[in-house]
Amino acid sequence: MLAVSKPSDREEPQGMLAREEDVEAQALWAQGWSISAIARHLGRDRKTVRAYLSGERTPGARRRPEDRFSRFEPYTAQRLKEDPHLQLSVLVRELETLGFAGSYQTLTREVRARSLRPHCEACTQAKGRATTEIEHDPGAETQWDWLELPEAPWGGTALVLVGALAHSGKVRGGFSEAKDSAHLIAAMDQVVRRLGGLTRRFRIDAIEGGVIPGTRRLVPEFADACRYYGVGVDLCPPRRGNRKGVVEKANDYLAQAWWRTAEVATFEQAQASLDRFCWKVADRRRRAHATVAQLAGAERLRPVPRRPYHAVVQAPRKVSWAALVSFEGNRYSVPPAFVNATVTVSWRLGEPHVVICSTSGEVIAAHRRRPPGAGALVRLEEHRTALQRTVLAQFTTARPCRRKANRPPSQAAKVLAAELAGVPVQQTLPVVVDLARYEELMRRVP
């Protein structure tokens, strides 16, 4: 006779027999034991022992619970067939009116287990369908995309235009202040120079600044820039951004491997840090038998034109109290009359000067452009003289005004208030005392 553990030592639920217990029960039943005796010996219920001996239940297997959802399955399948995006929180209310007593969690579990929600190809995009790797010839294609990096140390969201060579996977990025066409072209010019040259074609999606929203037409300025650089443009199919999977993967790689741990404090420091990371780390990634840098060396890239496309980059700025405007990590002076005002800094790509204009479009200053991130302070001599004159004119040794003195409205203020309220103006005339007339009146007094 087999040694059977006590019920308290078994891990199986009380309504189940372990395989050892089933073997023991079958042996005792063959020896002529009654079901009651076997049940007392095993410490189990007689009905449980009878079910195992009769073959109704299988040892080690739970009794399958009653399927209470089966009667609601046809209705659920039909509703989800009609509307694949129907929320289950809405469907559960419909089922409750039909007698469904389960919870929302029960419904979601049954829908998932029975695969009742139809597949929607339009919304699934790259998930739920087969994918494959696309072979790219060397020098054939550069893929582009904006990368948004939240919680930048200098405030807001940092924008990076990422370009990746489709054949080798070499990636470079250029920080930008905005996503308009001029900033897109300026960042693209920087990136192609960092990549080492131009491929035959550019691949983009509905990139902001390059494609007219809601259409598949290029922004005229961006189209002119592509013509200037001599590259063709391929647009990804609508809602199929994975067609440019090289740059999409590069975006995720830069965000996780570089941005999360980058110790930067300014816009310019971030650009320098990204360049170092791409050169020292990203280019050394292995790709089968070679590194990214080695594969990129075999890319047949065309030289970039010596001068960039003549786009005009404009950036709004607020003038500091020192009559300075910050741009690209440098500070440029303006006349002191524009202190604390908003101005626009303009720079035409390839030109050696930056122009600062007022909100009305008037040119108020022009400076020779300094290298980005140089930390230079450029102040014209006439601006320095005017600022000193303004500061000295505002200088005073007078005591500050008393803040708690009594200053009721003057007569002139009361007149204006009466006019606003529509009340007739009642002016108080000054009292004039004629001493000669006063002396004459006093003589008449008896």
# chains A, B, ... in the order shown; residues from 1 in each chain; ligands from 1
call {"tool": "closest_atom_pairs", "arguments": {"of": "segment 264-381 of chain A", "to": "segment 230-235 of chain A", "cutoff": "12 Å", "atoms": "only C-alpha atoms", "output": "tab-separated table"}}
result
residue	atom	partner	partner_atom	distance
A:Leu301	CA	A:Val231	CA	11.4
A:Arg302	CA	A:Gly230	CA	9.6
A:Pro303	CA	A:Gly230	CA	10.6
A:Val304	CA	A:Gly230	CA	9.5
A:Pro305	CA	A:Gly230	CA	9.6
A:Tyr309	CA	A:Gly230	CA	11.3
call {"tool": "select_by_dssp", "arguments": {"residues": "segment 163-402 of chain A", "states": "strand (DSSP E or B)", "output": "PyMOL selection string"}}
result
chain A and resi 163-165+171-176+198+201-204+211+218+232-235+286-287+290-291+302+312-318+324-327+330-333+342-348+353-357+363-368+377-378
call {"tool": "select_by_dssp", "arguments": {"residues": "segment 224-269 of chain A", "states": "helix (DSSP H, G or I)", "output": "ChimeraX atom specification"}}
result
/A:224-229,241-261,267-269
call {"tool": "closest_residue", "arguments": {"among": "A:Pro220, A:Pro238, A:Gly55, A:Gly245", "to": "Gly163 of chain A", "atoms": "only C-alpha atoms"}}
result
A:Gly245
call {"tool": "atom_distance", "arguments": {"atom1": "atom CA of Gly197 of chain A", "atom2": "atom CA of Gly373 of chain A"}}
result
24.0 Å
call {"tool": "closest_residue", "arguments": {"among": "A:Thr108, A:Val378, A:Val339, A:Ile38", "to": "Val23 of chain A", "atoms": "only C-alpha atoms"}}
result
A:Ile38
call {"tool": "closest_atom_pairs", "arguments": {"of": "segment 219-285 of chain A", "to": "segment 137-147 of chain A", "cutoff": "9 Å", "atoms": "only C-alpha atoms", "output": "JSON lines"}}
result
{"residue": "A:Lys244", "atom": "CA", "partner": "A:Gln143", "partner_atom": "CA", "distance": 6.2}
{"residue": "A:Gly245", "atom": "CA", "partner": "A:Gln143", "partner_atom": "CA", "distance": 8.5}
{"residue": "A:Val246", "atom": "CA", "partner": "A:Gln143", "partner_atom": "CA", "distance": 7.1}
{"residue": "A:Val247", "atom": "CA", "partner": "A:Gln143", "partner_atom": "CA", "distance": 5.8}
{"residue": "A:Glu248", "atom": "CA", "partner": "A:Asp145", "partner_atom": "CA", "distance": 7.5}
{"residue": "A:Asn251", "atom": "CA", "partner": "A:Leu147", "partner_atom": "CA", "distance": 6.2}
{"residue": "A:Asp252", "atom": "CA", "partner": "A:Leu147", "partner_atom": "CA", "distance": 8.8}
{"residue": "A:Ala255", "atom": "CA", "partner": "A:Leu147", "partner_atom": "CA", "distance": 8.4}
call {"tool": "residues_around", "arguments": {"residues": "segment 89-94 of chain A", "least_positions_apart": "6", "cutoff": "10 Å", "atoms": "only C-alpha atoms", "output": "list in words"}}
result
Tyr75, Thr76, Arg79, Leu80, Phe100, Ala101, Gly102, Ser103, Tyr104, Gln105, Thr106, Leu107 and Thr108 of chain A
call {"tool": "residues_around", "arguments": {"residues": "Arg260 of chain A", "least_positions_apart": "5", "cutoff": "12 Å", "atoms": "only C-alpha atoms", "output": "number ranges by chain"}}
result
A: 149-153, 252-255, 270, 274
call {"tool": "write_last_selection", "arguments": {"atoms": "C-alpha atoms", "output": "PDB file, in the first residue's frame"}}
result
ATOM      1  CA  LEU A 149      12.993  64.974 -26.401  1.00  0.00           C
ATOM      2  CA  PRO A 150      10.829  66.015 -23.425  1.00  0.00           C
ATOM      3  CA  GLU A 151      11.949  67.799 -20.272  1.00  0.00           C
ATOM      4  CA  ALA A 152      15.006  69.475 -21.760  1.00  0.00           C
ATOM      5  CA  PRO A 153      17.302  71.012 -19.098  1.00  0.00           C
ATOM      6  CA  ASP A 252      14.589  55.151 -30.166  1.00  0.00           C
ATOM      7  CA  TYR A 253      18.294  54.361 -29.889  1.00  0.00           C
ATOM      8  CA  LEU A 254      19.305  58.002 -29.406  1.00  0.00           C
ATOM      9  CA  ALA A 255      16.517  58.663 -26.910  1.00  0.00           C
ATOM     10  CA  ALA A 270      23.434  69.039 -26.194  1.00  0.00           C
ATOM     11  CA  LEU A 274      25.162  64.246 -29.506  1.00  0.00           C
TER      12      LEU A 274
END
call {"tool": "closest_residue", "arguments": {"among": "A:Phe395, A:Trp259, A:Phe338, A:Phe202", "to": "Ala164 of chain A", "atoms": "only C-alpha atoms"}}
result
A:Phe202
call {"tool": "atom_distance", "arguments": {"atom1": "atom CA of Arg300 of chain A", "atom2": "atom CA of Arg194 of chain A"}}
result
15.0 Å
call {"tool": "atom_distance", "arguments": {"atom1": "atom CA of Ala322 of chain A", "atom2": "atom CA of Gln271 of chain A"}}
result
27.2 Å
call {"tool": "closest_residue", "arguments": {"among": "A:Ala366, A:Val171, A:Val312, A:Ala265", "to": "Ser333 of chain A", "atoms": "only C-alpha atoms"}}
result
A:Ala366
call {"tool": "residues_around", "arguments": {"residues": "Ser346 of chain A", "least_positions_apart": "4", "cutoff": "6 Å", "atoms": "only C-alpha atoms", "output": "NGL selection string"}}
result
:A and (313-314 or 354-355)
call {"tool": "closest_residue", "arguments": {"among": "A:Val334, A:Ala398, A:Lys280, A:Leu184", "to": "Trp321 of chain A", "atoms": "only C-alpha atoms"}}
result
A:Val334
